[in-house]
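upload-v8.tsv follows (TSV, C-alpha atoms):
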```tsv
chain	number	residue	atom	x	y	z
V	1	MET	CA	0.00	0.00	0.00
V	2	MET	CA	1.23	3.50	-0.84
V	3	ALA	CA	1.41	6.08	1.95
V	4	SER	CA	0.31	9.61	1.11
V	5	THR	CA	1.69	12.69	2.78
V	6	PRO	CA	-0.28	15.94	2.41
V	7	PHE	CA	1.49	19.28	2.57
V	8	ILE	CA	0.67	22.96	2.34
V	9	LEU	CA	2.80	25.24	0.20
V	10	THR	CA	3.77	28.70	1.33
V	11	GLU	CA	5.59	31.24	-0.82
V	12	ALA	CA	6.37	30.12	-4.37
V	13	ILE	CA	10.09	30.25	-3.63
V	14	GLY	CA	9.95	29.09	0.01
V	15	LEU	CA	8.09	25.87	-0.63
V	16	SER	CA	8.15	24.37	2.83
V	17	GLY	CA	6.63	20.95	3.10
V	18	ILE	CA	7.47	19.62	-0.36
V	19	PRO	CA	9.47	16.47	0.24
V	20	GLU	CA	11.25	16.43	-3.12
V	21	PRO	CA	14.05	18.92	-3.87
V	22	ALA	CA	13.52	18.56	-7.64
V	23	VAL	CA	9.91	19.75	-7.28
V	24	VAL	CA	10.94	22.67	-5.05
V	25	GLY	CA	13.58	23.52	-7.64
V	26	TYR	CA	11.05	23.34	-10.47
V	27	PHE	CA	8.90	26.07	-8.95
V	28	ALA	CA	11.84	28.21	-7.80
V	29	THR	CA	13.75	28.14	-11.10
V	30	PHE	CA	10.61	28.55	-13.18
V	31	ASN	CA	9.55	31.63	-11.23
V	32	SER	CA	13.02	33.13	-11.53
V	33	GLY	CA	12.88	32.66	-15.31
V	34	ASP	CA	15.88	30.30	-15.32
V	35	PHE	CA	14.35	27.78	-17.71
V	36	GLU	CA	17.69	26.06	-18.39
V	37	ALA	CA	17.89	25.27	-14.67
V	38	THR	CA	14.25	24.12	-14.67
V	39	ALA	CA	14.97	21.74	-17.55
V	40	SER	CA	18.11	20.42	-15.84
V	41	LEU	CA	15.93	19.13	-13.00
V	42	PHE	CA	14.46	16.59	-15.41
V	43	ASP	CA	16.00	13.22	-16.12
V	44	ALA	CA	17.88	13.14	-19.44
V	45	GLU	CA	14.79	11.49	-20.98
V	46	GLY	CA	12.32	13.34	-18.75
V	47	VAL	CA	8.97	14.39	-20.18
V	48	LEU	CA	6.95	17.57	-19.77
V	49	HIS	CA	3.25	17.15	-20.54
V	50	ALA	CA	2.00	20.71	-21.04
V	51	PRO	CA	-1.56	21.66	-22.02
V	52	PHE	CA	-2.35	21.70	-25.74
V	53	THR	CA	1.00	20.19	-26.84
V	54	ASP	CA	2.54	16.83	-27.58
V	55	PRO	CA	4.88	15.50	-24.86
V	56	ILE	CA	8.16	17.43	-24.70
V	57	ILE	CA	10.98	14.95	-24.18
V	58	GLY	CA	14.50	15.65	-22.94
V	59	GLN	CA	16.15	18.53	-21.14
V	60	SER	CA	17.04	20.51	-24.26
V	61	ALA	CA	13.52	20.31	-25.70
V	62	ILE	CA	11.99	21.24	-22.34
V	63	ALA	CA	14.28	24.28	-22.01
V	64	THR	CA	13.44	25.42	-25.55
V	65	TYR	CA	9.72	24.98	-24.94
V	66	LEU	CA	9.78	26.92	-21.66
V	67	LYS	CA	11.81	29.76	-23.18
V	68	THR	CA	9.22	30.24	-25.92
V	69	GLU	CA	5.98	29.42	-24.09
V	70	ALA	CA	6.47	30.30	-20.41
V	71	LEU	CA	7.90	33.83	-20.51
V	72	GLY	CA	6.05	36.06	-18.08
V	73	MET	CA	4.34	33.19	-16.28
V	74	LYS	CA	4.50	32.83	-12.51
V	75	LEU	CA	3.58	29.65	-10.72
V	76	ASP	CA	1.70	29.89	-7.43
V	77	PRO	CA	1.63	26.39	-5.91
V	78	GLN	CA	-0.67	26.17	-2.91
V	79	GLN	CA	-1.20	22.64	-1.66
V	80	GLY	CA	-0.34	19.12	-2.55
V	81	MET	CA	0.28	15.52	-1.65
V	82	SER	CA	3.14	13.12	-2.16
V	83	GLN	CA	3.31	9.36	-2.13
V	84	THR	CA	5.86	6.66	-2.73
V	85	LEU	CA	4.90	4.45	-5.67
V	86	GLU	CA	5.38	0.70	-5.79
V	87	ASP	CA	8.42	1.12	-8.08
V	88	GLY	CA	10.13	3.37	-5.52
V	89	ASN	CA	9.56	6.61	-7.42
V	90	ILE	CA	7.80	9.50	-5.70
V	91	GLN	CA	4.59	11.01	-7.06
V	92	VAL	CA	3.93	14.62	-6.07
V	93	GLN	CA	0.59	16.28	-6.83
V	94	VAL	CA	0.37	20.05	-6.44
V	95	ASN	CA	-2.55	22.43	-7.01
V	96	GLY	CA	-2.27	26.16	-7.48
V	97	LEU	CA	-2.42	28.97	-10.00
V	98	VAL	CA	-0.49	29.98	-13.08
V	99	GLN	CA	-0.42	33.73	-13.54
V	100	THR	CA	0.35	35.35	-16.87
V	101	PRO	CA	0.38	39.04	-17.75
V	102	VAL	CA	-3.16	38.61	-19.12
V	103	PHE	CA	-4.93	36.02	-16.93
V	104	SER	CA	-4.59	33.47	-14.16
V	105	VAL	CA	-5.88	29.91	-14.19
V	106	ASN	CA	-6.16	27.07	-11.68
V	107	VAL	CA	-3.65	24.35	-12.45
V	108	GLY	CA	-2.65	20.94	-11.17
V	109	TRP	CA	0.87	19.57	-11.49
V	110	LEU	CA	1.70	15.87	-11.27
V	111	PHE	CA	5.38	15.04	-10.88
V	112	ILE	CA	7.06	11.65	-10.91
V	113	VAL	CA	10.53	11.87	-9.36
V	114	ASN	CA	13.17	9.14	-9.19
V	115	SER	CA	15.78	8.55	-6.48
V	116	GLN	CA	18.44	10.78	-8.16
V	117	PRO	CA	16.32	12.99	-7.56
V	118	ALA	CA	15.34	13.91	-11.09
V	119	ILE	CA	11.92	14.59	-12.56
V	120	LEU	CA	10.89	11.71	-14.81
V	121	SER	CA	7.68	13.44	-15.82
V	122	ALA	CA	5.73	16.58	-15.07
V	123	THR	CA	2.14	16.87	-16.19
V	124	VAL	CA	0.42	20.25	-16.13
V	125	LYS	CA	-3.38	20.15	-16.18
V	126	LEU	CA	-5.68	23.12	-16.43
V	127	LEU	CA	-8.30	22.91	-13.69
V	128	ALA	CA	-10.83	25.19	-15.30
V	129	SER	CA	-14.34	24.82	-16.64
V	130	PRO	CA	-14.84	24.85	-20.43
V	131	GLN	CA	-16.30	28.37	-20.13
V	132	GLU	CA	-13.23	29.59	-18.20
V	133	LEU	CA	-10.99	28.10	-20.89
V	134	LEU	CA	-12.97	29.84	-23.64
V	135	ASN	CA	-12.47	33.12	-21.81
V	136	LEU	CA	-8.69	32.62	-22.02
V	137	ARG	CA	-8.68	32.97	-25.80
V	138	PRO	CA	-7.34	36.30	-27.00
V	139	PHE	CA	-9.96	38.68	-28.37
V	140	THR	CA	-9.62	39.32	-32.08
V	141	LYS	CA	-11.72	41.62	-34.25
V	142	LEU	CA	-13.11	40.28	-37.47
```

How does the structure come out when it is put into structure tokens?
Amino acid sequence: MMASTPFILTEAIGLSGIPEPAVVGYFATFNSGDFEATASLFDAEGVLHAPFTDPIIGQSAIATYLKTEALGMKLDPQQGMSQTLEDGNIQVQVNGLVQTPVFSVNVGWLFIVNSQPAILSATVKLLASPQELLNLRPFTKL
């Protein structure tokens, strides 16, 4: 049986309670705009599953993606839970907000971290209603 450990997140950079340094580093480096450092937290074959894209595989591809798609974003993790999986990896679920210059949206992150510790996968899911997602589209005049 897998044991779950809940935790509450404080400041986006002072993430007390997260048991995995790679996950703490993900939020800290992302919010500082150091996307090379964020990507280096992934395993060499690590995967980022971002909304509306195919899986992004490998540190170089993740860094390139973040540099083009994540500029100006700030992550605001708020609460989460971690558990040890049967294979020995750690699963960390975090809920919070992503803030952009134009909008903010509720988001869930699901990390799988190995014993290195390195992020094997990070999945970002939008936790918004279909109507909220439609409101995120940029307004264009016809």

Non-local contacts of segment 20-29 of chain V (8 Å; all atoms listed in the file; under 2 positions in same chain excluded) as JSON, numbers by chain: {"V": [12, 13, 15, 18, 31, 32, 33, 34, 35, 37, 38, 41, 75, 77, 92, 111, 113, 117, 118, 119]}

Long-range neighbours of Ser60 of chain V as an MDAnalysis selection string, 9 Å cut-off, all atoms listed in the file, 6 positions minimum in chain: chainID V and resid 36 39:40 44

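Note that the spacing between atom CA of Gln59 of chain V and atom CA of Asp87 of chain V amounts to 23.1 Å.
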
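For the atom pair formed by atom CA of Met73 of chain V and atom CA of Asn114 of chain V, the distance is 26.6 Å, given to one decimal.
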
Atom-to-atom span, atom CA of Asp43 of chain V and atom CA of Ile112 of chain V, Å: 10.5 Å
